[in-house]
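K.L.:
Once you've had a glance at the structure underneath, I'll fire off some questions.
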Number of protein chains: 2
Amino acid sequence: MRLRSDDITTPCLLVDAERLDANVAAMAARTVDRAIRLRPHAKTHKSVEVARRQLAAGAHGLTVATVAEAEVFADAGVDDLFIAYPLWVDAARGARLRAVAERVRLRVGIDSGEGARALARHAGGTHPIEVLVEVDSGHHRTGVLPQEAGRVAEQAARAGLDVRGVFTFPGHSYGPGHAVPAADDEARALHLAADALRARGVQCPVVSGGSTPTAAHDTDSGLTELRPGVYVFGDAQQWELGTCTAADIALTAAATVVSRSGGRVVLDAGSKVLGADRPAWASGFGRLPDHPDARISALSEHHATVDWPHDTPLPDLGTLLRVAPNHVCTAVNLADHLLVVADGAVVDRWEVAARGANT
Amino acid sequence: MRLRSDDITTPCLLVDAERLDANVAAMAARTVDRAIRLRPHAKTHKSVEVARRQLAAGAHGLTVATVAEAEVFADAGVDDLFIAYPLWVDAARGARLRAVAERVRLRVGIDSGEGARALARHAGGTHPIEVLVEVDSGHHRTGVLPQEAGRVAEQAARAGLDVRGVFTFPGHSYGPGHAVPAADDEARALHLAADALRARGVQCPVVSGGSTPTAAHDTDSGLTELRPGVYVFGDAQQWELGTCTAADIALTAAATVVSRSGGRVVLDAGSKVLGADRPAWASGFGRLPDHPDARISALSEHHATVDWPHDTPLPDLGTLLRVAPNHVCTAVNLADHLLVVADGAVVDRWEVAARGANT
């Protein structure tokens with residue numbers, strides 16, 4: 001992509017709307033083929049315009065991570081939301097949940113009887129809240145062991161909650177070669193958990209999983225719902241994991257060369273634009289889709305230090321370059337707006353409406 | 001610190017105003033003792049209230065990283081600003097710089113003749129802009145080699161800029177045992193660079209350096225100005241580097257225990273609150289000042305996974321805990337507000353006025 005620099009003040013985030021639409025359509029087609037409901041995770045884009053595109057392409061609702069994100073998308077008219085997080089609910093958070101549940105179909109994660117009882121106590125009311133029991137499928141973060149899901153489901157049902165099934169996030173898929181075994185772990189854990197619910201006499205119509213790396217691999221998994229997030233934009237991590245190509249990446253940071261010496265150039269997009277995510281297996285702190293051999297060897301708040309390929313002349317000072325963040329979800333959360341680009345020119349500006357919506 | 005949870009919706013950032021004031025006063029006293037001018041870096045706090053405290057305690061102006069930060073602090077009435085960054089200035093950025101220079105004493109970094117000429121062309125005018133030549137003292141990011149500083153200064157003077165001296169950021173001080181050698185590198189590089197300016201007949205009244213780790217070590221360095229940033233709050237990195245103690249840390253994230261199992265608890269403050277900075281030498285993704293033996297072994301966007309000390313009972317679900325981010329500058333840049341706490345209660349709310357001010 002060649003950018004017209006007079007439209008752009010760097011650093012900023014650019015969205016290629018054509019690639020975005022292609023990514024949205026490809027994931028929608030993949031789930032339709034498998035008769036699975038798609039509920040994309042909106043924490044990646046946090047923007048109403050992207051959500052509308054996902055819903056128009058056939059998504060059955062959105063996933064969010066926080067009550068504050070649910071509030072933003074409920075305000076925007078999205079009517080089916082799942083907070084895929086084992087919220088700890090006190091009186092204040094309960095009141096906010098009730099207000100959302102009055103307007104939309106709301107589902108919430110739980111991973112303990114105590115959490116379920118707090119949710120029922122503070123958010124229960126005339127608009128019953130559906131819950132899914134979170135299961136640890138190998139990421140070892142939140143979620144109960146699959147065989148414990150029945151007990152938690154029973155406790156939740158006894159507290160008056162409407163238990164609808166189970167969910168997991170196979171986050172251990174984020175590593176080279178990890179996607180297939182993680183998808184297997186996910187399928188096994190969800191099967192066991194669904195059986196554990198039914199063994200206690202609790203129905204389990206919803207079996208929800210998914211991540212961008214596993215989305216192509218969790219066939220025959222018994223999933224009824226998929227919740228990928230990153231696929232919508234792609235990022236340097238997904239490129240390096242082989243989940244997408246450089247050409248699929250729909251969101252990049254525009255950055256200017258501000259300094260050059262030896263074999264390196266320094267760009268004006270740092271960790272306050274790209275985010276500081278840097279898994280050990282990544283080749284650097286982001287990638288340049290138009291210069292795949294360049295490596296971002298260091299990142300400060302306002303500097304990306306790029307080791308330039310030895311056989312290529314260093315770009316001039318003032319050159320505009322595109323950088324794919326390592327982890328697009330944290331990069332988007334740093335920006336107030338996304339600039340929408342077509343044919344190198346800025347054609348629209350989308351608000352990151354749920355930026356910072358962490359509570 | 002015991003927190004009253006009914007004042008607080010987690011996750012959020014808390015400032016202990018008493019510790020903040022103590023940190024501000026301690027750095028001010030240290031520079032007064034050495035007859036060095038203090039120009040704190042405002043990229044750490046991005047807030048007018050903190051800037052006012054630094055200036056009231058004797059700071060001679062502020063350092064910022066971007067034109068947008070300069071605009072925020074100029075709007076707030078700060079009248080002496082240094083953009084410690086080798087800006088690449090086009091017509092649009094030049095117009096913004098001129099508008100700031102009309103209101104405040106403005107100094108800008110340069111590290112090339114070409115950059116200096118672009119600055120002079122687009123930002124020159126009736127209010128002359130002062131420049132300092134950036135020198136690489138060992139961090140190998142931006143800046144020229146010390147012996148090249150004279151050439152760049154001469155080119156800048158020829159372009160019509162008002163060259164006032166040299167500056168460096170000894171960023172390689174951010175590592176265990178690195179502070180003393182980095183302070184030595186800084187002093188040597190600045191001496192050489194100042195000599196290089198004078199050898200070309202360019203005056204060098206300003207010799208500007210400093211970082212929080214080196215601030216205690218750069219004695220007899222010839223510095224006339226110090227630009228530390230992080231000292232104002234402290235963070236887990238500085239604690240682990242020995243630059244501050246856990247008790248000195250003035251900014252923490254308040255987080256709630258949302259899940260517990262085995263030897264771990266999961267908190268609701270993740271990388272979208274703490275930032276994802278994680279140097280290889282750090283013990284984890286942040287630290288708990290009130291539980292120094294706990295380790296944050298993994299961080300997702302909305303989860304901090306904490307390995308709890310084996311000999312201590314796991315905290316209950318719903319417990320409020322404080323987390324010191326690894327790098328406070330990036331954590332502050334994620335928040336719209338900081339809650340000011342005294343005696344466990346929220347007493348004020350400061351806007352992060354320059355949040356996201358990257359351009």
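Residues are named by chain letter and number: chains run A, B, ... in the order of the structure tokens, numbers start at 1 in each chain, and ligands are numbered from 1 in the order shown.
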Only residues of chain B matter here; which ones have an atom within 7 Å of chain A, counting only C-alpha atoms? Give them as a PyMOL selection string.
P.N.:
chain B and resi 9-11+86-88+141-142+258-259+266+272+276-277+305+318+330+334-335+356+358-359
K.L.:
Could the residues in this selection be written to a file with C-alpha atoms, as a short mmCIF file (atom, residue, chain, number, x, y, z; two decimals), in the first residue's frame?
P.N.:
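Result file follows (selection14.cif):
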```cif
data_model
loop_
_atom_site.label_atom_id
_atom_site.label_comp_id
_atom_site.auth_asym_id
_atom_site.auth_seq_id
_atom_site.Cartn_x
_atom_site.Cartn_y
_atom_site.Cartn_z
CA THR B 9 -14.52 0.04 40.55
CA THR B 10 -11.63 -2.15 39.47
CA PRO B 11 -9.46 -2.12 37.48
CA PRO B 86 14.38 14.31 16.89
CA LEU B 87 11.10 15.34 15.27
CA TRP B 88 10.64 14.99 11.54
CA ARG B 141 18.39 4.41 19.50
CA THR B 142 18.32 7.99 18.17
CA VAL B 258 -11.88 -12.94 40.14
CA SER B 259 -10.65 -16.54 40.09
CA VAL B 266 -6.33 -14.24 38.71
CA LYS B 272 -4.93 -3.09 28.94
CA ALA B 276 2.61 -5.43 28.54
CA ASP B 277 6.19 -4.23 29.18
CA THR B 305 -2.20 -14.58 36.71
CA GLY B 318 -13.48 -10.33 45.56
CA THR B 330 2.76 2.97 29.53
CA LEU B 334 -3.90 3.54 29.11
CA ALA B 335 -6.05 5.41 31.63
CA GLY B 356 -2.62 9.14 23.62
CA ASN B 358 1.49 10.67 20.29
CA THR B 359 1.69 12.93 17.27
#
```
K.L.:
Extract, using only C-alpha atoms, all DNA, RNA and protein residues at most 12 Å from Ile129 of chain B, discarding same-chain residues fewer than 4 positions from it, and format them as a count of residues only.
P.N.:
35
K.L.:
What's the 6 Å shell around segment 29-41 of chain B, counting only C-alpha atoms, without same-chain residues fewer than 6 positions away, as a list of chain:residue names?
P.N.:
B:Ala59, B:His60, B:Gly61, B:Leu62, B:Thr63, B:Val64, B:Thr224, B:Glu225, B:Leu226, B:Arg227, B:Pro228, B:Gly229
K.L.:
Taking the backbone alone, and naming residues the way the document does, which bits of segment 45-98 of chain B are alpha helix (DSSP H) by DSSP, as a short mmCIF file (atom, residue, chain, number, x, y, z; two decimals) with N, CA and C atoms, in the first residue's frame?
P.N.:
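So states-v4.cif came out as:
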```
data_model
loop_
_atom_site.label_atom_id
_atom_site.label_comp_id
_atom_site.auth_asym_id
_atom_site.auth_seq_id
_atom_site.Cartn_x
_atom_site.Cartn_y
_atom_site.Cartn_z
N VAL B 48 -1.72 17.41 34.26
CA VAL B 48 -1.43 18.79 34.63
C VAL B 48 -1.18 18.90 36.14
N GLU B 49 -1.96 18.14 36.92
CA GLU B 49 -1.83 18.25 38.38
C GLU B 49 -0.44 17.81 38.84
N VAL B 50 0.10 16.76 38.23
CA VAL B 50 1.44 16.31 38.63
C VAL B 50 2.49 17.31 38.16
N ALA B 51 2.30 17.83 36.94
CA ALA B 51 3.24 18.83 36.42
C ALA B 51 3.31 20.04 37.36
N ARG B 52 2.16 20.49 37.82
CA ARG B 52 2.14 21.66 38.71
C ARG B 52 2.91 21.40 40.00
N ARG B 53 2.78 20.18 40.53
CA ARG B 53 3.54 19.84 41.74
C ARG B 53 5.04 19.85 41.47
N GLN B 54 5.45 19.34 40.28
CA GLN B 54 6.88 19.33 39.97
C GLN B 54 7.42 20.75 39.84
N LEU B 55 6.64 21.61 39.17
CA LEU B 55 7.09 22.99 38.97
C LEU B 55 7.10 23.75 40.30
N ALA B 56 6.10 23.49 41.14
CA ALA B 56 6.04 24.16 42.44
C ALA B 56 7.23 23.76 43.31
N VAL B 67 4.90 16.73 19.96
CA VAL B 67 4.28 18.04 19.81
C VAL B 67 2.92 18.06 20.52
N ALA B 68 2.19 16.95 20.42
CA ALA B 68 0.87 16.88 21.05
C ALA B 68 0.97 17.02 22.56
N GLU B 69 1.99 16.43 23.17
CA GLU B 69 2.18 16.63 24.61
C GLU B 69 2.53 18.09 24.90
N ALA B 70 3.36 18.69 24.05
CA ALA B 70 3.70 20.10 24.25
C ALA B 70 2.44 20.97 24.19
N GLU B 71 1.55 20.64 23.27
CA GLU B 71 0.30 21.41 23.15
C GLU B 71 -0.53 21.32 24.43
N VAL B 72 -0.62 20.12 25.00
CA VAL B 72 -1.42 19.94 26.22
C VAL B 72 -0.84 20.77 27.36
N PHE B 73 0.47 20.71 27.55
CA PHE B 73 1.06 21.41 28.69
C PHE B 73 1.15 22.92 28.45
N ALA B 74 1.30 23.32 27.19
CA ALA B 74 1.24 24.77 26.90
C ALA B 74 -0.16 25.29 27.21
N ASP B 75 -1.18 24.54 26.81
CA ASP B 75 -2.56 24.93 27.12
C ASP B 75 -2.77 25.08 28.63
N ALA B 91 4.99 20.35 6.95
CA ALA B 91 4.27 21.63 7.04
C ALA B 91 3.26 21.60 8.19
N ALA B 92 2.52 20.50 8.32
CA ALA B 92 1.48 20.43 9.34
C ALA B 92 2.08 20.46 10.75
N ARG B 93 3.13 19.67 10.95
CA ARG B 93 3.74 19.64 12.28
C ARG B 93 4.45 20.98 12.56
N GLY B 94 5.00 21.54 11.51
CA GLY B 94 5.67 22.83 11.67
C GLY B 94 4.71 23.92 12.13
N ALA B 95 3.51 23.93 11.56
CA ALA B 95 2.52 24.94 11.95
C ALA B 95 2.14 24.76 13.42
N ARG B 96 2.03 23.51 13.85
CA ARG B 96 1.69 23.26 15.26
C ARG B 96 2.83 23.70 16.17
N LEU B 97 4.06 23.42 15.76
CA LEU B 97 5.22 23.84 16.57
C LEU B 97 5.27 25.36 16.69
N ARG B 98 5.03 26.06 15.58
CA ARG B 98 5.05 27.53 15.63
C ARG B 98 4.01 28.05 16.61
#
```
K.L.:
Can you work out the spacing between atom CA of Phe169 of chain A and atom CA of Gly210 of chain A in Å, to one decimal?
P.N.:
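For atom CA of Phe169 of chain A relative to atom CA of Gly210 of chain A, the distance reads 6.2 Å.
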K.L.:
Between atom CA of Glu130 of chain B and atom CA of Lys46 of chain B, what is the distance, to one decimal in Å?
P.N.:
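Atom CA of Glu130 of chain B sits 23.0 Å away from atom CA of Lys46 of chain B.
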K.L.:
Between atom CA of His327 of chain A and atom CA of Pro146 of chain A, what distance in Å does the model show, to one decimal?
P.N.:
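The value is 28.9 Å.
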K.L.:
Once DSSP has gone over the backbone, tell me which residues of segment 76-107 of chain B are in strand (DSSP E or B), as an MDAnalysis selection string.
P.N.:
chainID B and resid 80:86 105:107
K.L.:
Tell me, as a PyMOL selection string, which residues lie within 12 Å of Gly138 of chain A, counting only C-alpha atoms; anything in the same chain fewer than 6 positions away does not count.
P.N.:
chain A and resi 144-146+168-174+178-179+181-190
K.L.:
Could you please take those selected residues and save N, CA and C atoms as a short mmCIF file (atom, residue, chain, number, x, y, z; two decimals), in the first residue's frame?
P.N.:
```cif
data_model
loop_
_atom_site.label_atom_id
_atom_site.label_comp_id
_atom_site.auth_asym_id
_atom_site.auth_seq_id
_atom_site.Cartn_x
_atom_site.Cartn_y
_atom_site.Cartn_z
N VAL A 144 -12.67 -23.62 35.43
CA VAL A 144 -12.50 -24.81 36.27
C VAL A 144 -12.08 -25.99 35.40
N LEU A 145 -11.58 -27.03 36.04
CA LEU A 145 -11.29 -28.26 35.30
C LEU A 145 -12.60 -28.78 34.73
N PRO A 146 -12.56 -29.42 33.56
CA PRO A 146 -13.80 -29.86 32.90
C PRO A 146 -14.71 -30.68 33.82
N THR A 168 -14.77 -22.01 26.80
CA THR A 168 -13.34 -21.99 27.11
C THR A 168 -12.64 -21.07 26.14
N PHE A 169 -11.42 -20.66 26.50
CA PHE A 169 -10.54 -19.93 25.58
C PHE A 169 -9.23 -20.70 25.49
N PRO A 170 -8.96 -21.31 24.33
CA PRO A 170 -7.72 -22.08 24.20
C PRO A 170 -6.54 -21.16 23.92
N GLY A 171 -6.21 -20.33 24.90
CA GLY A 171 -5.19 -19.30 24.70
C GLY A 171 -3.80 -19.88 24.53
N HIS A 172 -3.61 -21.15 24.89
CA HIS A 172 -2.30 -21.77 24.69
C HIS A 172 -2.07 -22.10 23.22
N SER A 173 -3.01 -21.69 22.35
CA SER A 173 -2.82 -21.84 20.90
C SER A 173 -1.86 -20.78 20.36
N TYR A 174 -1.54 -19.75 21.16
CA TYR A 174 -0.68 -18.66 20.70
C TYR A 174 0.79 -19.04 20.83
N HIS A 178 1.36 -24.65 18.08
CA HIS A 178 0.46 -24.95 19.20
C HIS A 178 -1.01 -25.05 18.79
N ALA A 179 -1.38 -24.56 17.61
CA ALA A 179 -2.80 -24.42 17.29
C ALA A 179 -3.52 -25.76 17.25
N PRO A 181 -2.70 -28.90 18.59
CA PRO A 181 -2.92 -29.54 19.90
C PRO A 181 -3.85 -28.72 20.81
N ALA A 182 -3.80 -27.40 20.72
CA ALA A 182 -4.70 -26.59 21.56
C ALA A 182 -6.16 -26.80 21.14
N ALA A 183 -6.39 -26.91 19.82
CA ALA A 183 -7.76 -27.18 19.35
C ALA A 183 -8.24 -28.54 19.84
N ASP A 184 -7.33 -29.52 19.86
CA ASP A 184 -7.68 -30.84 20.40
C ASP A 184 -8.01 -30.76 21.89
N ASP A 185 -7.17 -30.02 22.64
CA ASP A 185 -7.43 -29.84 24.08
C ASP A 185 -8.79 -29.19 24.30
N GLU A 186 -9.07 -28.18 23.48
CA GLU A 186 -10.32 -27.44 23.61
C GLU A 186 -11.51 -28.37 23.41
N ALA A 187 -11.47 -29.16 22.34
CA ALA A 187 -12.59 -30.06 22.04
C ALA A 187 -12.79 -31.07 23.17
N ARG A 188 -11.67 -31.63 23.65
CA ARG A 188 -11.75 -32.64 24.71
C ARG A 188 -12.33 -32.03 25.98
N ALA A 189 -11.83 -30.84 26.37
CA ALA A 189 -12.28 -30.19 27.60
C ALA A 189 -13.77 -29.84 27.52
N LEU A 190 -14.20 -29.34 26.38
CA LEU A 190 -15.60 -28.93 26.26
C LEU A 190 -16.53 -30.14 26.25
#
```
